Amino acid sequence: MPLPIFDSSAWYEARIAEFREANMAASLDCPEHFRDPKIVGSFSEALWCTVELQPDVFVPQSFSVGVVVQPSEDSLRFRLLDDYQYLEYIYGDSFPPRDIRMIMAHASRTLRRAASRQIPIQAVSFDSFTLRLSPGFHTSGDHVEATVDRLFEEVVVMAPKIRHGRSDTAAPPSPE
């Protein structure tokens with residue numbers, strides 16, 4: 001006897017309907033501002049990825065130097081590393097600061113152009129062997145800019161961190 005075909009979309013829709021029905025009664029006791037669809041709908045869903053810098057194309061090592069977030073049906077937002085002291089410390093003269101600044105300026109121009117033309121995040125190309133976008137991930141949040149900042153702080157480890165009210169901008173220790 002053949003197994004019945006399982007229609008996952010119908011099952012999924014039924015579970016959503018049950019959830020809504022169960023939560024409708026509970027929502028009647030909620031304050032009015034929690035039931036306002038404009039407030040609930042303001043929670044934005046977005047696709048995000050990291051901007052990866054691979055300083056040496058012959059070495060398979062890259063660093064996350066920025067994040068790009070694109071809310072659904074909106075232009076992308078991004079934040080890039082603007083303090084390169086750790087990269088300068090790691091690479092020294094083999095990857096001069098002037099080159100780092102040129103590459104990061106190219107990344108910024110490319111992302112600004114993509115944002116102004118509302119190019120989807122999946123279609124952004126740096127036309128460079130040293131820059132690329134990571135595969136996309138889904139995220140959500142109340143404010144796009146806050147989400148960009150949160151993701152940047154979490155994944156761009158080369159950025160100086162704020163600790164106890166002061167910036168961690170001291171130069172890395174010099175090798176002895």
# chains A, B, ... in the order shown; residues from 1 in each chain; ligands from 1
call {"tool": "select_by_dssp", "arguments": {"residues": "segment 37-109 of chain A", "states": "strand (DSSP E)", "output": "NGL selection string"}}
result
:A and (44-53 or 63-71 or 77-80)
call {"tool": "write_last_selection", "arguments": {"atoms": "N, CA and C atoms", "output": "PDB file, in the first residue's frame"}}
result
ATOM      1  N   SER A  44      11.473  44.060  11.442  1.00  0.00           N
ATOM      2  CA  SER A  44      11.944  43.815  10.078  1.00  0.00           C
ATOM      3  C   SER A  44      12.712  42.508   9.961  1.00  0.00           C
ATOM      4  N   GLU A  45      12.459  41.806   8.877  1.00  0.00           N
ATOM      5  CA  GLU A  45      13.221  40.629   8.533  1.00  0.00           C
ATOM      6  C   GLU A  45      14.205  41.023   7.463  1.00  0.00           C
ATOM      7  N   ALA A  46      15.407  40.461   7.521  1.00  0.00           N
ATOM      8  CA  ALA A  46      16.443  40.883   6.590  1.00  0.00           C
ATOM      9  C   ALA A  46      17.384  39.728   6.279  1.00  0.00           C
ATOM     10  N   LEU A  47      18.079  39.896   5.196  1.00  0.00           N
ATOM     11  CA  LEU A  47      19.168  39.003   4.825  1.00  0.00           C
ATOM     12  C   LEU A  47      20.458  39.744   5.146  1.00  0.00           C
ATOM     13  N   TRP A  48      21.427  39.060   5.723  1.00  0.00           N
ATOM     14  CA  TRP A  48      22.695  39.724   6.034  1.00  0.00           C
ATOM     15  C   TRP A  48      23.854  38.817   5.687  1.00  0.00           C
ATOM     16  N   CYS A  49      24.996  39.433   5.479  1.00  0.00           N
ATOM     17  CA  CYS A  49      26.226  38.681   5.230  1.00  0.00           C
ATOM     18  C   CYS A  49      27.411  39.525   5.684  1.00  0.00           C
ATOM     19  N   THR A  50      28.549  38.899   5.749  1.00  0.00           N
ATOM     20  CA  THR A  50      29.761  39.626   6.119  1.00  0.00           C
ATOM     21  C   THR A  50      30.528  39.993   4.856  1.00  0.00           C
ATOM     22  N   VAL A  51      31.306  41.064   4.963  1.00  0.00           N
ATOM     23  CA  VAL A  51      32.247  41.440   3.910  1.00  0.00           C
ATOM     24  C   VAL A  51      33.569  40.804   4.311  1.00  0.00           C
ATOM     25  N   GLU A  52      34.088  39.955   3.456  1.00  0.00           N
ATOM     26  CA  GLU A  52      35.311  39.208   3.747  1.00  0.00           C
ATOM     27  C   GLU A  52      36.483  39.781   2.954  1.00  0.00           C
ATOM     28  N   LEU A  53      37.584  40.019   3.653  1.00  0.00           N
ATOM     29  CA  LEU A  53      38.822  40.510   3.037  1.00  0.00           C
ATOM     30  C   LEU A  53      39.844  39.388   3.088  1.00  0.00           C
ATOM     31  N   PHE A  63      39.292  37.723   6.572  1.00  0.00           N
ATOM     32  CA  PHE A  63      38.842  38.401   7.778  1.00  0.00           C
ATOM     33  C   PHE A  63      37.515  39.084   7.489  1.00  0.00           C
ATOM     34  N   SER A  64      36.608  39.023   8.444  1.00  0.00           N
ATOM     35  CA  SER A  64      35.353  39.763   8.328  1.00  0.00           C
ATOM     36  C   SER A  64      35.652  41.222   8.637  1.00  0.00           C
ATOM     37  N   VAL A  65      35.428  42.078   7.650  1.00  0.00           N
ATOM     38  CA  VAL A  65      35.733  43.506   7.817  1.00  0.00           C
ATOM     39  C   VAL A  65      34.489  44.371   7.702  1.00  0.00           C
ATOM     40  N   GLY A  66      33.330  43.750   7.661  1.00  0.00           N
ATOM     41  CA  GLY A  66      32.095  44.519   7.605  1.00  0.00           C
ATOM     42  C   GLY A  66      30.893  43.612   7.533  1.00  0.00           C
ATOM     43  N   VAL A  67      29.716  44.230   7.671  1.00  0.00           N
ATOM     44  CA  VAL A  67      28.451  43.518   7.532  1.00  0.00           C
ATOM     45  C   VAL A  67      27.549  44.293   6.581  1.00  0.00           C
ATOM     46  N   VAL A  68      26.725  43.545   5.873  1.00  0.00           N
ATOM     47  CA  VAL A  68      25.736  44.115   4.960  1.00  0.00           C
ATOM     48  C   VAL A  68      24.397  43.508   5.339  1.00  0.00           C
ATOM     49  N   VAL A  69      23.398  44.367   5.516  1.00  0.00           N
ATOM     50  CA  VAL A  69      22.057  43.920   5.880  1.00  0.00           C
ATOM     51  C   VAL A  69      21.087  44.482   4.859  1.00  0.00           C
ATOM     52  N   GLN A  70      20.213  43.625   4.336  1.00  0.00           N
ATOM     53  CA  GLN A  70      19.190  44.093   3.410  1.00  0.00           C
ATOM     54  C   GLN A  70      17.825  43.639   3.893  1.00  0.00           C
ATOM     55  N   PRO A  71      17.051  44.596   4.440  1.00  0.00           N
ATOM     56  CA  PRO A  71      15.686  44.263   4.835  1.00  0.00           C
ATOM     57  C   PRO A  71      14.863  43.882   3.606  1.00  0.00           C
ATOM     58  N   ARG A  77      21.946  48.127   3.803  1.00  0.00           N
ATOM     59  CA  ARG A  77      22.682  48.990   4.725  1.00  0.00           C
ATOM     60  C   ARG A  77      23.946  48.233   5.079  1.00  0.00           C
ATOM     61  N   PHE A  78      25.011  48.970   5.371  1.00  0.00           N
ATOM     62  CA  PHE A  78      26.263  48.286   5.672  1.00  0.00           C
ATOM     63  C   PHE A  78      27.090  49.096   6.659  1.00  0.00           C
ATOM     64  N   ARG A  79      28.048  48.424   7.244  1.00  0.00           N
ATOM     65  CA  ARG A  79      29.049  49.059   8.096  1.00  0.00           C
ATOM     66  C   ARG A  79      30.354  48.326   7.858  1.00  0.00           C
ATOM     67  N   LEU A  80      31.398  49.110   7.601  1.00  0.00           N
ATOM     68  CA  LEU A  80      32.711  48.539   7.324  1.00  0.00           C
ATOM     69  C   LEU A  80      33.707  48.963   8.391  1.00  0.00           C
TER      70      LEU A  80
END
call {"tool": "atom_distance", "arguments": {"atom1": "atom CA of Ser108 of chain A", "atom2": "atom CA of Tyr86 of chain A"}}
result
19.3 Å
call {"tool": "atom_distance", "arguments": {"atom1": "atom CA of Ile100 of chain A", "atom2": "atom CA of Tyr84 of chain A"}}
result
7.6 Å
call {"tool": "atom_distance", "arguments": {"atom1": "atom CA of Arg117 of chain A", "atom2": "atom CA of Met104 of chain A"}}
result
20.0 Å
call {"tool": "residues_around", "arguments": {"residues": "Ser116 of chain A", "least_positions_apart": "5", "cutoff": "12 Å", "atoms": "only C-alpha atoms", "output": "VMD selection string"}}
result
chain A and resid 74 to 77 109 to 111
call {"tool": "write_last_selection", "arguments": {"atoms": "N, CA, C and O atoms", "output": "PDB file, in the first residue's frame"}}
result
ATOM      1  N   ASP A  74      13.740  46.555   0.679  1.00  0.00           N
ATOM      2  CA  ASP A  74      14.400  47.812   1.020  1.00  0.00           C
ATOM      3  C   ASP A  74      15.837  47.748   0.507  1.00  0.00           C
ATOM      4  O   ASP A  74      16.339  46.690   0.162  1.00  0.00           O
ATOM      5  N   SER A  75      16.492  48.889   0.466  1.00  0.00           N
ATOM      6  CA  SER A  75      17.882  48.899   0.015  1.00  0.00           C
ATOM      7  C   SER A  75      18.797  48.434   1.151  1.00  0.00           C
ATOM      8  O   SER A  75      18.447  48.502   2.322  1.00  0.00           O
ATOM      9  N   LEU A  76      19.973  47.975   0.785  1.00  0.00           N
ATOM     10  CA  LEU A  76      20.878  47.425   1.778  1.00  0.00           C
ATOM     11  C   LEU A  76      21.536  48.517   2.608  1.00  0.00           C
ATOM     12  O   LEU A  76      21.661  49.662   2.187  1.00  0.00           O
ATOM     13  N   ARG A  77      21.946  48.127   3.803  1.00  0.00           N
ATOM     14  CA  ARG A  77      22.682  48.990   4.725  1.00  0.00           C
ATOM     15  C   ARG A  77      23.946  48.233   5.079  1.00  0.00           C
ATOM     16  O   ARG A  77      23.960  47.005   5.109  1.00  0.00           O
ATOM     17  N   ARG A 109      32.495  52.124  -1.821  1.00  0.00           N
ATOM     18  CA  ARG A 109      31.885  52.651  -3.059  1.00  0.00           C
ATOM     19  C   ARG A 109      30.938  51.633  -3.688  1.00  0.00           C
ATOM     20  O   ARG A 109      29.833  51.980  -4.107  1.00  0.00           O
ATOM     21  N   THR A 110      31.360  50.389  -3.736  1.00  0.00           N
ATOM     22  CA  THR A 110      30.536  49.338  -4.331  1.00  0.00           C
ATOM     23  C   THR A 110      29.230  49.166  -3.561  1.00  0.00           C
ATOM     24  O   THR A 110      28.156  49.062  -4.161  1.00  0.00           O
ATOM     25  N   LEU A 111      29.312  49.158  -2.242  1.00  0.00           N
ATOM     26  CA  LEU A 111      28.112  48.970  -1.434  1.00  0.00           C
ATOM     27  C   LEU A 111      27.202  50.197  -1.471  1.00  0.00           C
ATOM     28  O   LEU A 111      25.972  50.056  -1.485  1.00  0.00           O
TER      29      LEU A 111
END
call {"tool": "residues_around", "arguments": {"residues": "Phe129 of chain A", "least_positions_apart": "3", "cutoff": "12 Å", "atoms": "only C-alpha atoms", "output": "PDB file with N, CA, C and O atoms, in the first residue's frame"}}
result
ATOM      1  N   GLU A  52      34.088  39.955   3.456  1.00  0.00           N
ATOM      2  CA  GLU A  52      35.311  39.208   3.747  1.00  0.00           C
ATOM      3  C   GLU A  52      36.483  39.781   2.954  1.00  0.00           C
ATOM      4  O   GLU A  52      36.375  39.991   1.749  1.00  0.00           O
ATOM      5  N   LEU A  53      37.584  40.019   3.653  1.00  0.00           N
ATOM      6  CA  LEU A  53      38.822  40.510   3.037  1.00  0.00           C
ATOM      7  C   LEU A  53      39.844  39.388   3.088  1.00  0.00           C
ATOM      8  O   LEU A  53      40.124  38.840   4.162  1.00  0.00           O
ATOM      9  N   GLN A  54      40.382  39.037   1.930  1.00  0.00           N
ATOM     10  CA  GLN A  54      41.435  38.031   1.839  1.00  0.00           C
ATOM     11  C   GLN A  54      42.675  38.749   1.321  1.00  0.00           C
ATOM     12  O   GLN A  54      42.865  38.890   0.110  1.00  0.00           O
ATOM     13  N   PRO A  55      43.540  39.230   2.215  1.00  0.00           N
ATOM     14  CA  PRO A  55      44.685  40.048   1.808  1.00  0.00           C
ATOM     15  C   PRO A  55      45.641  39.360   0.838  1.00  0.00           C
ATOM     16  O   PRO A  55      46.180  39.996  -0.055  1.00  0.00           O
ATOM     17  N   ASP A  56      45.848  38.080   1.018  1.00  0.00           N
ATOM     18  CA  ASP A  56      46.757  37.336   0.146  1.00  0.00           C
ATOM     19  C   ASP A  56      45.944  36.283  -0.600  1.00  0.00           C
ATOM     20  O   ASP A  56      45.451  35.329   0.007  1.00  0.00           O
ATOM     21  N   VAL A  57      45.788  36.456  -1.897  1.00  0.00           N
ATOM     22  CA  VAL A  57      44.933  35.545  -2.662  1.00  0.00           C
ATOM     23  C   VAL A  57      45.498  34.127  -2.723  1.00  0.00           C
ATOM     24  O   VAL A  57      44.780  33.202  -3.096  1.00  0.00           O
ATOM     25  N   PHE A  58      46.756  33.946  -2.360  1.00  0.00           N
ATOM     26  CA  PHE A  58      47.365  32.621  -2.380  1.00  0.00           C
ATOM     27  C   PHE A  58      47.275  31.910  -1.037  1.00  0.00           C
ATOM     28  O   PHE A  58      47.676  30.760  -0.917  1.00  0.00           O
ATOM     29  N   VAL A  59      46.752  32.611  -0.022  1.00  0.00           N
ATOM     30  CA  VAL A  59      46.579  32.027   1.307  1.00  0.00           C
ATOM     31  C   VAL A  59      45.083  32.031   1.615  1.00  0.00           C
ATOM     32  O   VAL A  59      44.453  33.083   1.581  1.00  0.00           O
ATOM     33  N   PRO A  60      44.496  30.874   1.900  1.00  0.00           N
ATOM     34  CA  PRO A  60      43.038  30.802   2.101  1.00  0.00           C
ATOM     35  C   PRO A  60      42.605  31.302   3.482  1.00  0.00           C
ATOM     36  O   PRO A  60      41.939  30.593   4.235  1.00  0.00           O
ATOM     37  N   SER A  62      40.770  34.629   5.404  1.00  0.00           N
ATOM     38  CA  SER A  62      40.077  35.896   5.208  1.00  0.00           C
ATOM     39  C   SER A  62      39.598  36.422   6.550  1.00  0.00           C
ATOM     40  O   SER A  62      39.511  35.685   7.536  1.00  0.00           O
ATOM     41  N   ILE A 103      41.421  49.265  -0.785  1.00  0.00           N
ATOM     42  CA  ILE A 103      40.484  48.143  -0.900  1.00  0.00           C
ATOM     43  C   ILE A 103      39.199  48.437  -0.133  1.00  0.00           C
ATOM     44  O   ILE A 103      38.090  48.196  -0.628  1.00  0.00           O
ATOM     45  N   SER A 125      28.655  42.484  -6.353  1.00  0.00           N
ATOM     46  CA  SER A 125      29.953  41.912  -6.712  1.00  0.00           C
ATOM     47  C   SER A 125      31.012  42.994  -6.587  1.00  0.00           C
ATOM     48  O   SER A 125      30.834  44.115  -7.069  1.00  0.00           O
ATOM     49  N   PHE A 126      32.107  42.663  -5.942  1.00  0.00           N
ATOM     50  CA  PHE A 126      33.193  43.624  -5.760  1.00  0.00           C
ATOM     51  C   PHE A 126      34.169  43.631  -6.929  1.00  0.00           C
ATOM     52  O   PHE A 126      35.039  44.486  -6.987  1.00  0.00           O
ATOM     53  N   ARG A 132      34.894  39.726  -0.930  1.00  0.00           N
ATOM     54  CA  ARG A 132      33.717  38.943  -1.300  1.00  0.00           C
ATOM     55  C   ARG A 132      32.704  39.040  -0.161  1.00  0.00           C
ATOM     56  O   ARG A 132      33.044  39.409   0.959  1.00  0.00           O
ATOM     57  N   LEU A 133      31.484  38.678  -0.489  1.00  0.00           N
ATOM     58  CA  LEU A 133      30.442  38.584   0.530  1.00  0.00           C
ATOM     59  C   LEU A 133      30.288  37.124   0.940  1.00  0.00           C
ATOM     60  O   LEU A 133      30.372  36.221   0.093  1.00  0.00           O
TER      61      LEU A 133
END
call {"tool": "select_by_dssp", "arguments": {"residues": "segment 42-139 of chain A", "states": "helix (DSSP H, G or I)", "output": "PyMOL selection string"}}
result
chain A and resi 85-94+97-116+121-123
call {"tool": "residues_around", "arguments": {"residues": "Asp83 of chain A", "least_positions_apart": "3", "cutoff": "10 Å", "atoms": "only C-alpha atoms", "output": "PyMOL selection string"}}
result
chain A and resi 65+80+86-88+101+158-160+169
call {"tool": "write_last_selection", "arguments": {"atoms": "N, CA, C and O atoms", "output": "PDB file, in the first residue's frame"}}
result
ATOM      1  N   VAL A  65      35.428  42.078   7.650  1.00  0.00           N
ATOM      2  CA  VAL A  65      35.733  43.506   7.817  1.00  0.00           C
ATOM      3  C   VAL A  65      34.489  44.371   7.702  1.00  0.00           C
ATOM      4  O   VAL A  65      34.589  45.600   7.651  1.00  0.00           O
ATOM      5  N   LEU A  80      31.398  49.110   7.601  1.00  0.00           N
ATOM      6  CA  LEU A  80      32.711  48.539   7.324  1.00  0.00           C
ATOM      7  C   LEU A  80      33.707  48.963   8.391  1.00  0.00           C
ATOM      8  O   LEU A  80      33.574  50.029   9.001  1.00  0.00           O
ATOM      9  N   TYR A  86      44.804  46.524  13.486  1.00  0.00           N
ATOM     10  CA  TYR A  86      45.085  45.105  13.687  1.00  0.00           C
ATOM     11  C   TYR A  86      45.559  44.445  12.389  1.00  0.00           C
ATOM     12  O   TYR A  86      46.456  43.609  12.403  1.00  0.00           O
ATOM     13  N   LEU A  87      44.963  44.827  11.276  1.00  0.00           N
ATOM     14  CA  LEU A  87      45.433  44.306   9.992  1.00  0.00           C
ATOM     15  C   LEU A  87      46.859  44.778   9.713  1.00  0.00           C
ATOM     16  O   LEU A  87      47.695  44.009   9.233  1.00  0.00           O
ATOM     17  N   GLU A  88      47.134  46.033  10.026  1.00  0.00           N
ATOM     18  CA  GLU A  88      48.485  46.557   9.825  1.00  0.00           C
ATOM     19  C   GLU A  88      49.478  45.825  10.712  1.00  0.00           C
ATOM     20  O   GLU A  88      50.610  45.539  10.301  1.00  0.00           O
ATOM     21  N   ARG A 101      43.516  50.677   2.787  1.00  0.00           N
ATOM     22  CA  ARG A 101      42.595  51.806   2.641  1.00  0.00           C
ATOM     23  C   ARG A 101      41.962  51.844   1.243  1.00  0.00           C
ATOM     24  O   ARG A 101      40.775  52.122   1.100  1.00  0.00           O
ATOM     25  N   MET A 158      38.065  42.340  14.222  1.00  0.00           N
ATOM     26  CA  MET A 158      39.201  43.250  14.004  1.00  0.00           C
ATOM     27  C   MET A 158      38.879  44.678  14.444  1.00  0.00           C
ATOM     28  O   MET A 158      39.770  45.520  14.477  1.00  0.00           O
ATOM     29  N   ALA A 159      37.640  44.965  14.772  1.00  0.00           N
ATOM     30  CA  ALA A 159      37.252  46.315  15.189  1.00  0.00           C
ATOM     31  C   ALA A 159      37.636  46.530  16.649  1.00  0.00           C
ATOM     32  O   ALA A 159      37.448  45.641  17.479  1.00  0.00           O
ATOM     33  N   PRO A 160      38.173  47.711  16.967  1.00  0.00           N
ATOM     34  CA  PRO A 160      38.427  48.027  18.373  1.00  0.00           C
ATOM     35  C   PRO A 160      37.119  47.988  19.149  1.00  0.00           C
ATOM     36  O   PRO A 160      36.086  48.418  18.656  1.00  0.00           O
ATOM     37  N   THR A 169      41.506  51.378  21.691  1.00  0.00           N
ATOM     38  CA  THR A 169      42.203  51.809  20.494  1.00  0.00           C
ATOM     39  C   THR A 169      43.708  51.825  20.683  1.00  0.00           C
ATOM     40  O   THR A 169      44.435  52.332  19.844  1.00  0.00           O
TER      41      THR A 169
END
